[in-house]
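Peer 1: Pasting target_24.cif below, which is mmCIF, C-alpha atoms and all ligand atoms.
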data_protein
loop_
_atom_site.label_atom_id
_atom_site.label_comp_id
_atom_site.auth_asym_id
_atom_site.auth_seq_id
_atom_site.Cartn_x
_atom_site.Cartn_y
_atom_site.Cartn_z
CA MET A 71 121.52 68.28 -40.93
CA THR A 72 125.18 69.21 -40.87
CA ASP A 73 125.83 65.51 -40.52
CA HIS A 74 124.48 64.94 -43.95
CA ALA A 75 126.43 67.76 -45.51
CA GLY A 76 129.51 66.74 -43.60
CA HIS A 77 129.05 63.17 -44.71
CA GLY A 78 128.87 64.25 -48.26
CA ALA A 79 131.99 66.29 -47.76
CA LYS A 80 133.79 63.23 -46.38
CA ARG A 81 133.46 61.54 -49.76
CA PRO A 82 134.91 64.08 -52.17
CA ASP A 83 135.88 61.44 -54.70
CA ASP A 84 132.24 60.41 -55.28
CA LYS A 85 131.64 60.76 -58.94
CA PRO A 86 128.32 62.35 -59.94
CA THR A 87 127.97 59.90 -62.78
CA SER A 88 128.73 56.81 -60.73
CA ALA A 89 126.13 54.22 -61.66
CA LYS A 90 126.82 52.40 -58.42
CA ASN A 91 126.03 55.39 -56.29
CA PRO A 92 122.99 57.24 -57.56
CA GLY A 93 122.36 58.79 -54.12
CA SER A 94 125.70 60.47 -54.22
CA ALA A 95 124.98 61.66 -57.69
CA LYS A 96 121.91 63.50 -56.43
CA LYS A 97 123.84 64.90 -53.51
CA SER A 98 126.22 66.79 -55.76
CA GLY A 99 123.53 69.31 -56.56
CA SER A 100 121.61 69.45 -53.30
CA ALA A 101 123.03 72.52 -51.61
CA LYS A 102 119.75 74.46 -51.68
CA LYS A 103 117.33 71.63 -50.97
CA SER A 104 114.63 72.01 -48.37
CA VAL A 105 114.83 70.20 -45.04
CA SER A 106 112.46 67.44 -46.12
CA ALA A 107 114.30 66.90 -49.41
CA LYS A 108 117.47 66.52 -47.40
CA ASN A 109 115.73 63.91 -45.28
CA ARG A 110 114.79 61.96 -48.37
CA ASP A 111 118.39 62.08 -49.50
CA ALA A 112 119.44 60.91 -46.09
CA ALA A 113 117.13 57.91 -46.41
CA GLN A 114 118.62 57.08 -49.77
CA GLY A 115 122.05 57.56 -48.33
CA GLU A 116 121.11 54.90 -45.76
CA LYS A 117 120.79 52.38 -48.56
CA THR A 118 123.98 53.34 -50.25
CA ASP A 119 126.29 54.72 -47.65
CA GLY A 120 125.53 52.54 -44.68
CA GLN A 121 124.91 52.99 -40.99
CA MET A 122 126.12 56.55 -40.52
CA ALA A 123 123.69 57.91 -43.09
CA GLY A 124 120.87 55.96 -41.46
CA MET A 125 121.58 57.51 -38.11
CA SER A 126 121.57 60.95 -39.60
CA GLY A 127 118.15 60.18 -41.11
CA MET A 128 116.80 59.19 -37.70
CA ALA A 129 118.11 62.37 -36.22
CA GLY A 130 115.81 64.15 -38.64
CA GLY A 131 112.67 62.51 -37.07
CA ASP A 132 112.07 65.58 -34.98
CA ASP A 133 111.58 67.42 -38.18
CA LEU A 134 108.55 65.38 -39.27
CA ALA A 135 105.73 67.64 -40.20
CA LEU A 136 103.23 67.64 -37.37
CA ALA A 137 100.49 66.40 -39.70
CA HIS A 138 102.48 63.21 -40.46
CA ARG A 139 102.97 62.19 -36.84
CA PRO A 140 100.70 59.33 -35.64
CA THR A 141 98.32 60.44 -32.98
CA ARG A 142 97.80 58.50 -29.75
CA PRO A 143 94.39 57.23 -30.90
CA GLN A 144 96.00 56.04 -34.15
CA LEU A 145 98.76 54.18 -32.27
CA GLY A 146 96.15 52.79 -29.91
CA SER A 147 93.93 51.48 -32.69
CA ILE A 148 96.88 49.88 -34.54
CA GLY A 149 97.82 48.16 -31.27
CA LEU A 150 94.24 47.02 -30.72
CA VAL A 151 93.94 45.62 -34.24
CA SER A 152 97.20 43.69 -33.78
CA VAL A 153 95.97 42.18 -30.51
CA VAL A 154 92.65 41.16 -32.14
CA ILE A 155 94.49 39.52 -35.08
CA LEU A 156 96.76 37.61 -32.70
CA ALA A 157 93.77 36.46 -30.66
CA LEU A 158 91.96 35.30 -33.81
CA ALA A 159 95.06 33.38 -34.92
CA LEU A 160 95.14 31.63 -31.55
CA VAL A 161 91.45 30.72 -31.76
CA PHE A 162 91.95 29.52 -35.35
CA SER A 163 94.82 27.18 -34.41
CA ALA A 164 93.00 25.99 -31.31
CA SER A 165 90.07 24.96 -33.47
CA PHE A 166 92.34 22.59 -35.41
CA ALA A 167 94.66 21.36 -32.68
CA ASN A 168 94.25 20.32 -29.09
CA LEU A 169 96.47 22.81 -27.32
CA SER A 170 95.82 21.13 -23.97
CA LEU A 171 97.84 18.02 -24.93
CA SER A 172 101.32 17.90 -23.51
CA ALA A 173 104.28 16.19 -25.13
CA HIS A 174 104.50 14.04 -22.02
CA ASP A 175 100.95 12.70 -22.59
CA VAL A 176 101.46 11.62 -26.18
CA ALA A 177 105.24 11.28 -26.42
CA GLY A 178 106.19 8.89 -29.22
CA ALA A 179 102.56 8.33 -30.33
CA VAL A 180 102.44 7.76 -34.10
CA MET A 181 98.87 8.04 -35.39
CA PRO A 182 97.51 6.22 -38.46
CA PRO A 183 97.80 8.28 -41.65
CA GLY A 184 94.41 9.80 -42.44
CA MET A 185 92.87 9.08 -39.06
CA ALA A 186 90.01 11.41 -38.10
CA MET A 187 91.49 13.44 -35.27
CA PRO A 188 88.94 15.81 -33.71
CA ARG A 189 90.53 18.70 -31.87
CA ASP A 190 89.25 17.53 -28.50
CA MET A 191 90.63 13.98 -28.81
CA PRO A 192 92.13 13.16 -25.43
CA ALA A 193 95.66 11.85 -25.03
CA GLU A 194 94.37 8.49 -23.78
CA ALA A 195 92.43 7.95 -27.01
CA MET A 196 95.50 8.82 -29.04
CA ARG A 197 97.65 6.37 -27.08
CA ASP A 198 95.06 3.63 -27.65
CA MET A 199 95.05 4.13 -31.42
CA ALA A 200 98.75 4.85 -31.83
CA ALA A 201 101.18 2.53 -33.58
CA VAL A 202 102.99 -0.18 -31.69
CA ASN A 203 106.21 1.46 -30.56
CA PRO A 204 108.98 -0.40 -32.46
CA ARG A 205 111.31 0.09 -29.49
CA THR A 206 109.08 -2.15 -27.35
CA VAL A 207 109.51 -5.22 -29.58
CA SER A 208 111.28 -7.91 -27.54
CA TYR A 209 111.12 -10.88 -29.93
CA ARG A 210 111.14 -11.47 -33.66
CA ALA A 211 109.30 -14.68 -34.56
CA PRO A 212 110.66 -16.75 -37.48
CA ALA A 213 108.75 -15.97 -40.67
CA GLU A 214 107.31 -19.51 -40.81
CA ALA A 215 106.22 -19.59 -37.13
CA ARG A 216 102.57 -20.53 -36.52
CA GLY A 217 100.31 -19.37 -33.74
CA ASP A 218 97.61 -21.36 -31.92
CA GLN A 219 100.19 -23.93 -30.76
CA PRO A 220 98.98 -26.36 -28.05
CA LEU A 221 99.94 -25.20 -24.56
CA GLU A 222 100.76 -28.12 -22.32
CA PRO A 223 99.83 -27.69 -18.67
CA ARG A 224 101.80 -28.88 -15.68
CA MET A 225 99.92 -30.55 -12.85
CA GLU A 226 100.03 -29.27 -9.29
CA GLY A 227 97.76 -30.87 -6.70
CA GLY A 228 95.17 -31.83 -9.29
CA VAL A 229 95.18 -28.37 -10.90
CA LYS A 230 96.26 -27.81 -14.51
CA ILE A 231 98.65 -24.87 -14.54
CA PHE A 232 99.14 -22.73 -17.64
CA ASP A 233 101.54 -19.82 -18.06
CA LEU A 234 100.75 -16.98 -20.42
CA THR A 235 103.10 -14.07 -21.00
CA ALA A 236 102.09 -11.03 -23.04
CA SER A 237 104.82 -9.17 -24.92
CA VAL A 238 105.46 -7.20 -28.09
CA ILE A 239 106.73 -9.25 -31.01
CA GLU A 240 107.35 -9.02 -34.72
CA TRP A 241 105.18 -11.49 -36.60
CA ASN A 242 104.92 -12.43 -40.25
CA ILE A 243 101.37 -12.45 -41.53
CA LEU A 244 102.76 -13.11 -45.03
CA SER A 245 106.22 -14.14 -46.17
CA TYR A 246 106.87 -10.51 -47.10
CA GLU A 247 104.69 -8.71 -44.55
CA ARG A 248 105.75 -8.35 -40.95
CA VAL A 249 103.64 -6.70 -38.27
CA MET A 250 104.33 -5.64 -34.70
CA ALA A 251 101.91 -7.53 -32.49
CA TYR A 252 100.89 -7.77 -28.87
CA ALA A 253 101.11 -11.52 -28.36
CA PHE A 254 100.63 -14.24 -25.79
CA ASN A 255 103.67 -16.54 -25.59
CA GLN A 256 105.26 -14.92 -28.66
CA GLN A 257 102.66 -16.15 -31.17
CA VAL A 258 99.51 -14.92 -32.93
CA PRO A 259 96.99 -16.23 -32.05
CA GLY A 260 98.09 -17.04 -28.52
CA PRO A 261 98.59 -20.71 -27.65
CA ARG A 262 95.59 -23.02 -27.69
CA ILE A 263 94.39 -24.07 -24.27
CA ARG A 264 92.62 -27.40 -24.58
CA ILE A 265 91.08 -28.81 -21.44
CA THR A 266 88.23 -31.04 -20.37
CA GLU A 267 84.95 -30.17 -18.73
CA GLY A 268 85.40 -30.51 -14.95
CA ASP A 269 89.11 -29.57 -15.02
CA ARG A 270 90.35 -27.09 -12.50
CA ILE A 271 92.81 -24.74 -14.16
CA ARG A 272 95.14 -22.01 -12.95
CA ILE A 273 96.54 -19.51 -15.43
CA ASN A 274 99.45 -17.26 -14.51
CA VAL A 275 99.36 -14.19 -16.74
CA THR A 276 102.60 -12.21 -16.81
CA ASN A 277 102.67 -8.79 -18.42
CA ASP A 278 105.76 -7.88 -20.43
CA LEU A 279 103.90 -5.24 -22.43
CA PRO A 280 104.69 -1.53 -22.16
CA GLU A 281 101.16 -1.00 -20.75
CA SER A 282 98.79 -2.66 -18.31
CA THR A 283 96.64 -5.61 -19.33
CA SER A 284 94.23 -8.31 -18.09
CA VAL A 285 92.65 -11.46 -19.55
CA HIS A 286 89.00 -12.40 -19.96
CA TRP A 287 87.83 -16.01 -20.44
CA HIS A 288 85.19 -15.38 -23.03
CA GLY A 289 81.95 -17.28 -22.47
CA LEU A 290 83.07 -19.20 -19.41
CA ILE A 291 81.27 -19.26 -16.09
CA VAL A 292 83.97 -18.27 -13.59
CA PRO A 293 84.15 -16.66 -10.14
CA ASN A 294 83.67 -12.93 -10.65
CA GLN A 295 87.14 -11.93 -9.41
CA PHE A 296 88.68 -14.03 -12.20
CA ASP A 297 86.48 -12.75 -15.02
CA GLY A 298 89.15 -10.33 -16.20
CA PRO A 299 87.75 -6.83 -16.95
CA ALA A 300 90.42 -4.39 -15.78
CA GLU A 301 89.25 -1.78 -13.28
CA VAL A 302 85.93 -3.61 -12.90
CA THR A 303 86.70 -6.97 -11.31
CA GLN A 304 90.45 -6.62 -10.89
CA ASP A 305 93.27 -4.11 -10.93
CA PRO A 306 95.02 -3.96 -14.30
CA ILE A 307 98.11 -6.15 -14.45
CA GLU A 308 100.88 -3.58 -14.60
CA PRO A 309 104.03 -4.15 -16.70
CA GLY A 310 106.26 -6.67 -14.94
CA GLN A 311 103.41 -8.05 -12.80
CA THR A 312 101.72 -11.46 -12.81
CA PHE A 313 98.07 -12.15 -12.02
CA THR A 314 96.75 -15.65 -11.37
CA TYR A 315 93.31 -16.78 -12.53
CA GLU A 316 91.84 -20.02 -11.22
CA PHE A 317 88.53 -21.73 -11.86
CA THR A 318 86.82 -25.02 -12.58
CA LEU A 319 85.34 -25.63 -16.02
CA THR A 320 81.65 -26.34 -15.81
CA GLN A 321 81.00 -26.02 -19.56
CA ALA A 322 82.26 -27.61 -22.74
CA GLY A 323 82.66 -26.20 -26.24
CA THR A 324 84.51 -23.54 -28.20
CA TYR A 325 85.63 -20.49 -26.21
CA PHE A 326 88.53 -18.08 -26.29
CA TYR A 327 90.55 -15.78 -24.11
CA HIS A 328 91.50 -12.20 -24.88
CA SER A 329 92.77 -8.99 -23.36
CA HIS A 330 90.19 -7.03 -21.37
CA ASP A 331 92.26 -3.92 -20.66
CA HIS A 332 92.18 -1.43 -23.56
CA ALA A 333 90.69 -4.35 -25.48
CA ASP A 334 90.11 -2.22 -28.58
CA ARG A 335 93.86 -1.80 -28.81
CA GLN A 336 95.25 -5.02 -27.37
CA GLU A 337 92.88 -7.57 -28.88
CA ALA A 338 93.18 -5.81 -32.24
CA LEU A 339 96.96 -6.18 -31.98
CA GLY A 340 96.81 -9.94 -31.45
CA MET A 341 95.99 -10.67 -27.80
CA TYR A 342 93.62 -13.61 -28.08
CA GLY A 343 93.73 -17.41 -28.19
CA ALA A 344 91.45 -20.43 -28.49
CA LEU A 345 90.12 -22.17 -25.42
CA ILE A 346 88.62 -25.52 -26.36
CA VAL A 347 86.82 -27.46 -23.66
CA ASP A 348 86.10 -31.10 -24.50
CA PRO A 349 82.99 -32.56 -22.92
CA LYS A 350 83.47 -35.07 -20.12
CA ASP A 351 81.24 -37.41 -22.07
CA PRO A 352 82.28 -37.14 -25.73
CA SER A 353 79.59 -39.51 -26.97
CA ALA A 354 77.21 -36.65 -27.77
CA GLU A 355 79.83 -34.87 -29.89
CA PRO A 356 79.05 -34.73 -33.61
CA ALA A 357 81.25 -37.17 -35.51
CA SER A 358 84.17 -35.55 -37.34
CA ASP A 359 87.47 -36.59 -38.88
CA GLN A 360 89.24 -33.28 -38.33
CA ASP A 361 88.96 -30.34 -36.00
CA VAL A 362 90.04 -26.99 -37.48
CA VAL A 363 90.04 -23.81 -35.43
CA ILE A 364 89.51 -20.59 -37.40
CA GLN A 365 90.47 -17.38 -35.58
CA LEU A 366 89.95 -14.12 -37.41
CA GLN A 367 91.73 -10.80 -37.16
CA GLU A 368 92.12 -7.51 -38.97
CA TRP A 369 95.37 -5.55 -39.18
CA LEU A 370 96.34 -2.01 -40.07
CA GLU A 371 99.93 -1.96 -41.29
CA LYS A 372 101.11 1.25 -42.96
CA GLU A 373 104.46 2.87 -43.57
CA GLY A 374 106.21 0.28 -41.43
CA TYR A 375 103.94 0.85 -38.43
CA THR A 376 101.27 -1.47 -37.03
CA PHE A 377 98.14 0.21 -35.66
CA PRO A 378 95.18 -1.47 -33.98
CA ALA A 379 92.58 -1.75 -36.75
CA MET A 380 89.29 -0.08 -35.87
CA PRO A 381 86.03 0.63 -37.66
CA MET A 382 86.68 4.35 -37.97
CA ASP A 383 88.17 6.73 -40.52
CA GLY A 384 91.90 6.16 -40.76
CA GLY A 385 91.68 3.00 -38.65
CA GLN A 386 90.31 0.69 -41.33
CA PRO A 387 92.30 -2.53 -41.76
CA ASN A 388 94.34 -3.37 -44.85
CA PHE A 389 95.32 -6.95 -43.90
CA PHE A 390 93.25 -9.86 -42.57
CA THR A 391 94.37 -13.13 -41.03
CA ILE A 392 93.11 -16.63 -40.27
CA ASN A 393 95.09 -18.00 -37.34
CA GLY A 394 97.64 -15.19 -37.67
CA LYS A 395 98.34 -15.65 -41.39
CA ALA A 396 96.96 -14.03 -44.53
CA TYR A 397 96.40 -16.10 -47.69
CA PRO A 398 98.46 -17.44 -49.41
CA SER A 399 100.30 -18.03 -46.12
CA THR A 400 97.22 -19.54 -44.46
CA GLU A 401 97.23 -23.23 -43.66
CA THR A 402 95.84 -25.65 -46.29
CA VAL A 403 93.40 -28.19 -44.87
CA ARG A 404 93.84 -31.64 -46.43
CA ALA A 405 91.00 -34.15 -46.53
CA ARG A 406 89.55 -37.08 -48.49
CA VAL A 407 86.17 -37.34 -50.10
CA GLY A 408 83.63 -38.28 -47.42
CA ASP A 409 85.59 -36.65 -44.56
CA ARG A 410 83.65 -34.57 -42.10
CA ILE A 411 85.57 -31.52 -40.94
CA ARG A 412 84.56 -29.59 -37.84
CA PHE A 413 85.41 -25.94 -38.33
CA ARG A 414 85.31 -23.88 -35.17
CA PHE A 415 84.90 -20.26 -36.22
CA ILE A 416 85.92 -17.95 -33.40
CA GLY A 417 85.14 -14.23 -33.50
CA THR A 418 88.52 -13.14 -32.18
CA ASN A 419 88.15 -10.31 -34.70
CA SER A 420 87.88 -7.13 -32.72
CA GLY A 421 85.87 -4.67 -34.77
CA PHE A 422 84.56 -6.24 -37.97
CA ILE A 423 82.04 -8.87 -39.05
CA HIS A 424 83.09 -11.67 -41.37
CA PRO A 425 80.51 -13.69 -43.32
CA MET A 426 82.54 -16.89 -43.57
CA HIS A 427 81.67 -18.99 -46.59
CA ILE A 428 82.75 -22.47 -47.66
CA HIS A 429 82.58 -23.63 -51.28
CA GLY A 430 81.49 -27.12 -52.26
CA GLY A 431 78.17 -27.38 -50.44
CA PRO A 432 76.54 -26.41 -47.18
CA PHE A 433 77.72 -27.13 -43.68
CA GLU A 434 75.67 -27.87 -40.58
CA ILE A 435 75.84 -25.61 -37.54
CA VAL A 436 76.32 -27.92 -34.56
CA ALA A 437 77.16 -25.40 -31.83
CA THR A 438 76.84 -21.68 -31.28
CA ASP A 439 78.89 -19.81 -28.68
CA GLY A 440 80.03 -23.11 -27.21
CA VAL A 441 76.54 -24.46 -26.71
CA PRO A 442 75.56 -27.55 -28.74
CA VAL A 443 72.62 -27.10 -31.09
CA PRO A 444 70.12 -29.96 -30.52
CA GLN A 445 69.89 -32.29 -33.50
CA SER A 446 66.31 -31.23 -34.22
CA ALA A 447 67.30 -27.54 -34.37
CA ARG A 448 70.41 -27.83 -36.55
CA ILE A 449 70.34 -25.87 -39.76
CA GLN A 450 72.42 -26.02 -42.88
CA LYS A 451 74.04 -22.95 -44.35
CA ASP A 452 77.00 -22.18 -46.58
CA THR A 453 77.78 -18.76 -45.08
CA VAL A 454 77.79 -17.78 -41.44
CA ASN A 455 78.30 -14.27 -40.12
CA VAL A 456 81.02 -14.34 -37.49
CA ALA A 457 80.69 -11.21 -35.38
CA PRO A 458 83.28 -10.22 -32.79
CA GLY A 459 82.95 -12.58 -29.83
CA GLU A 460 80.78 -15.19 -31.59
CA ARG A 461 81.63 -18.84 -32.13
CA TYR A 462 80.12 -21.23 -34.65
CA ASP A 463 81.04 -24.90 -34.82
CA VAL A 464 80.07 -26.28 -38.22
CA ILE A 465 80.51 -29.67 -39.85
CA TRP A 466 81.42 -29.55 -43.53
CA THR A 467 81.55 -32.70 -45.60
CA ALA A 468 84.06 -33.10 -48.42
CA ARG A 469 81.77 -34.13 -51.23
CA GLU A 470 83.96 -33.75 -54.28
CA PRO A 471 87.72 -33.85 -54.82
CA GLY A 472 89.60 -30.67 -55.62
CA LYS A 473 90.49 -27.36 -54.07
CA TRP A 474 87.61 -25.82 -52.16
CA LEU A 475 87.76 -22.34 -50.75
CA LEU A 476 86.90 -21.21 -47.26
CA HIS A 477 86.78 -17.42 -47.21
CA CYS A 478 85.14 -14.27 -45.92
CA HIS A 479 82.48 -12.99 -48.27
CA ILE A 480 83.29 -9.33 -47.77
CA ASN A 481 85.55 -9.40 -50.77
CA HIS A 482 87.83 -6.65 -49.54
CA HIS A 483 88.70 -8.99 -46.65
CA THR A 484 90.21 -11.42 -49.15
CA THR A 485 92.87 -9.00 -50.32
CA ASN A 486 96.26 -8.06 -48.98
CA ASP A 487 96.60 -4.29 -48.86
CA ASN A 488 93.91 -4.19 -51.59
CA VAL A 489 95.75 -6.67 -53.80
CA GLU A 490 94.50 -10.14 -54.69
CA GLU A 491 97.23 -12.73 -55.10
CA GLN A 492 97.00 -16.38 -56.12
CA GLY A 493 93.23 -16.05 -56.31
CA GLY A 494 92.59 -14.48 -52.94
CA GLY A 495 94.21 -12.95 -49.91
CA GLY A 496 93.56 -12.25 -46.24
CA LEU A 497 90.67 -14.38 -45.00
CA THR A 498 91.08 -17.13 -47.57
CA MET A 499 92.07 -20.74 -47.01
CA ILE A 500 92.08 -23.82 -49.21
CA ILE A 501 90.57 -27.19 -48.38
CA GLU A 502 92.29 -29.68 -50.64
CA VAL A 503 90.19 -32.78 -51.03
CA ALA A 504 91.78 -35.95 -52.41
CA PRO A 505 89.55 -38.54 -54.11
CU CU B 601 85.42 -10.41 -43.56
#
Here is the file; what I need is its structure written in the form of structure tokens.
Ligand SMILES: [Cu+2]
Peer 2:
Amino acid sequence: MTDHAGHGAKRPDDKPTSAKNPGSAKKSGSAKKSVSAKNRDAAQGEKTDGQMAGMSGMAGGDDLALAHRPTRPQLGSIGLVSVVILALALVFSASFANLSLSAHDVAGAVMPPGMAMPRDMPAEAMRDMAAVNPRTVSYRAPAEARGDQPLEPRMEGGVKIFDLTASVIEWNILSYERVMAYAFNQQVPGPRIRITEGDRIRINVTNDLPESTSVHWHGLIVPNQFDGPAEVTQDPIEPGQTFTYEFTLTQAGTYFYHSHDHADRQEALGMYGALIVDPKDPSAEPASDQDVVIQLQEWLEKEGYTFPAMPMDGGQPNFFTINGKAYPSTETVRARVGDRIRFRFIGTNSGFIHPMHIHGGPFEIVATDGVPVPQSARIQKDTVNVAPGERYDVIWTAREPGKWLLHCHINHHTTNDNVEEQGGGGLTMIIEVAP
């Protein structure tokens, strides 16, 4: 303990009354203190006098009373308790997070805010539900662009050839609301393929998406290898690849095409389009003055990201579109009193049911899922439930002049991000009937 005394001696000008140095003040009268009292002073000196005093305090460790030294069992039990606490902390975090996921598996995946994320959710599920990566957008469609544009074929040896390319685009569903979509030929819905019963068609599908894809021809009788389900009847079309489908149309009616690889993601992001097959003999077709295709979709657009809408917590949609546009940006159908309009409802919607209703009187259901309803079996309704995959062809007659609404009767589906504007939103469209 000579260090301590010596240290004190090295600072003769310490004033006992110095308010800044109370330790030194005590030291002035400490000549006869016991060893342990000196140790206490040394500890105080550590605070006030710095490193040297601290070292002198440590040197005094040997002088600890035997009774104050931790025993081996005490050290052992402290160690054991620490290990148990660390293990519990690990188990606790593992119960909230999936520690088996690697950054490589889910790199860049942005999940919907509020999505239910169980701890064992695999990386593949996360990638399926993640936002469209903004860096993969290759085209920004003009705000006024419309989907469902007719796709003209080219003829080759009696075969009608169509080219479809899937890519990531930016698409306006409203003048002020832009989404990131997976789209065929840079439009939502994809282009309309209109052919005639008996046609032989060849469709070249090129994949410019950041992930694999495939296309299914919904409702059509085709050779199995061209049916479309990825990993079932064909290898997925990898990015940069093209796959060619070819078949002869043996049916007529309202059909559609859509992605069949990660369909819950890709169809929900916009990968679908109408496929209308006119009968070889049109004489049996119900008379109509207009033919209006209605393709339905739900969107989840939040914080600048577009997620595939799904019927699960956090995946619920907040925008809804008819032919790629939400009301008031939906098309207005114009007619005259007495006109018969054939509406072809197509369940391109991926995860939700839409009871589609038309004001101004009932319509007649003339075909379901592409198959004509015999005259004797036709029924009249004013609301028809359009489930994913279903098609209903209905004839609605304009009975009275004015603005008549066509809309989904789940009222939330006629809002835009929960807001009603100009008397509707989402799945709303106006039929304007002139006298
Ligand atoms: Cu609806």
Peer 1: Give as a list in words every residue, naming chains and numbers as the document does, that has an atom within 12 Å of (73.8, -25.2, -29.4), counting all atoms listed in the file.
Peer 2: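 Residues with an atom close enough to that point: Ala322, Gly323, Thr324, Glu355, Pro356, Glu434, Ile435, Val436, Ala437, Thr438, Asp439, Gly440, Val441, Pro442, Val443, Pro444, Gln445, Ser446, Ala447, Arg448, Ile449, Arg461, Tyr462, Asp463 and Val464 of chain A.
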Peer 1: Show me the residues close to (94.7, 19.6, -25.0) - anything with an atom within 12 Å, counting only C-alpha atoms - and format the list as JSON, numbers by chain.
Peer 2: {"A": [164, 165, 166, 167, 168, 169, 170, 171, 172, 173, 174, 175, 176, 188, 189, 190, 191, 192, 193, 194, 196]}
Peer 1: Determine, counting only C-alpha atoms, which protein, DNA and RNA residues have an atom within 9 Å of an atom of Phe254 of chain A; residues of the same chain fewer than 3 positions away are not included. Present the result as an mmCIF file with C-alpha atoms, keeping the file's coordinate frame.
Peer 2:
data_model
loop_
_atom_site.group_PDB
_atom_site.id
_atom_site.type_symbol
_atom_site.label_atom_id
_atom_site.label_comp_id
_atom_site.auth_asym_id
_atom_site.auth_seq_id
_atom_site.Cartn_x
_atom_site.Cartn_y
_atom_site.Cartn_z
ATOM 1 C CA LEU A 234 100.750 -16.980 -20.420
ATOM 2 C CA THR A 235 103.100 -14.070 -21.000
ATOM 3 C CA ALA A 236 102.090 -11.030 -23.040
ATOM 4 C CA SER A 237 104.820 -9.170 -24.920
ATOM 5 C CA VAL A 238 105.460 -7.200 -28.090
ATOM 6 C CA GLN A 257 102.660 -16.150 -31.170
ATOM 7 C CA VAL A 258 99.510 -14.920 -32.930
ATOM 8 C CA PRO A 259 96.990 -16.230 -32.050
ATOM 9 C CA GLY A 260 98.090 -17.040 -28.520
ATOM 10 C CA PRO A 261 98.590 -20.710 -27.650
ATOM 11 C CA GLY A 340 96.810 -9.940 -31.450
ATOM 12 C CA MET A 341 95.990 -10.670 -27.800
ATOM 13 C CA TYR A 342 93.620 -13.610 -28.080
ATOM 14 C CA GLY A 343 93.730 -17.410 -28.190
#
Peer 1: What residues have any atom no more than 6 Å from ligand CU 601 (chain B) when counting all atoms listed in the file, and can you list them as number ranges by chain?
Peer 2: A: 423-425, 478, 480, 483
Peer 1: What's around Glu368 of chain A at 8 Å? Count all atoms listed in the file, leave out sequence neighbours fewer than 6 positions away in its own chain, and write the answer as a PyMOL selection string.
Peer 2: chain A and resi 338+379+387-391+419-420+422
Peer 1: Hey, which of A:Met187, A:Ala195, A:Ala200, A:Met250 ends up closest to Gly374 of chain A? Count all atoms listed in the file.
Peer 2: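 Of A:Met187, A:Ala195, A:Ala200, A:Met250, the one nearest Gly374 of chain A, counting all atoms listed in the file, is A:Met250.
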Peer 1: Using all atoms listed in the file, which of the listed residues (A:Gly289, A:Gln144, A:Met382, A:Arg335) sits closest to Gly184 of chain A?
Peer 2: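 Result for the nearest residue to Gly184 of chain A: A:Met382.
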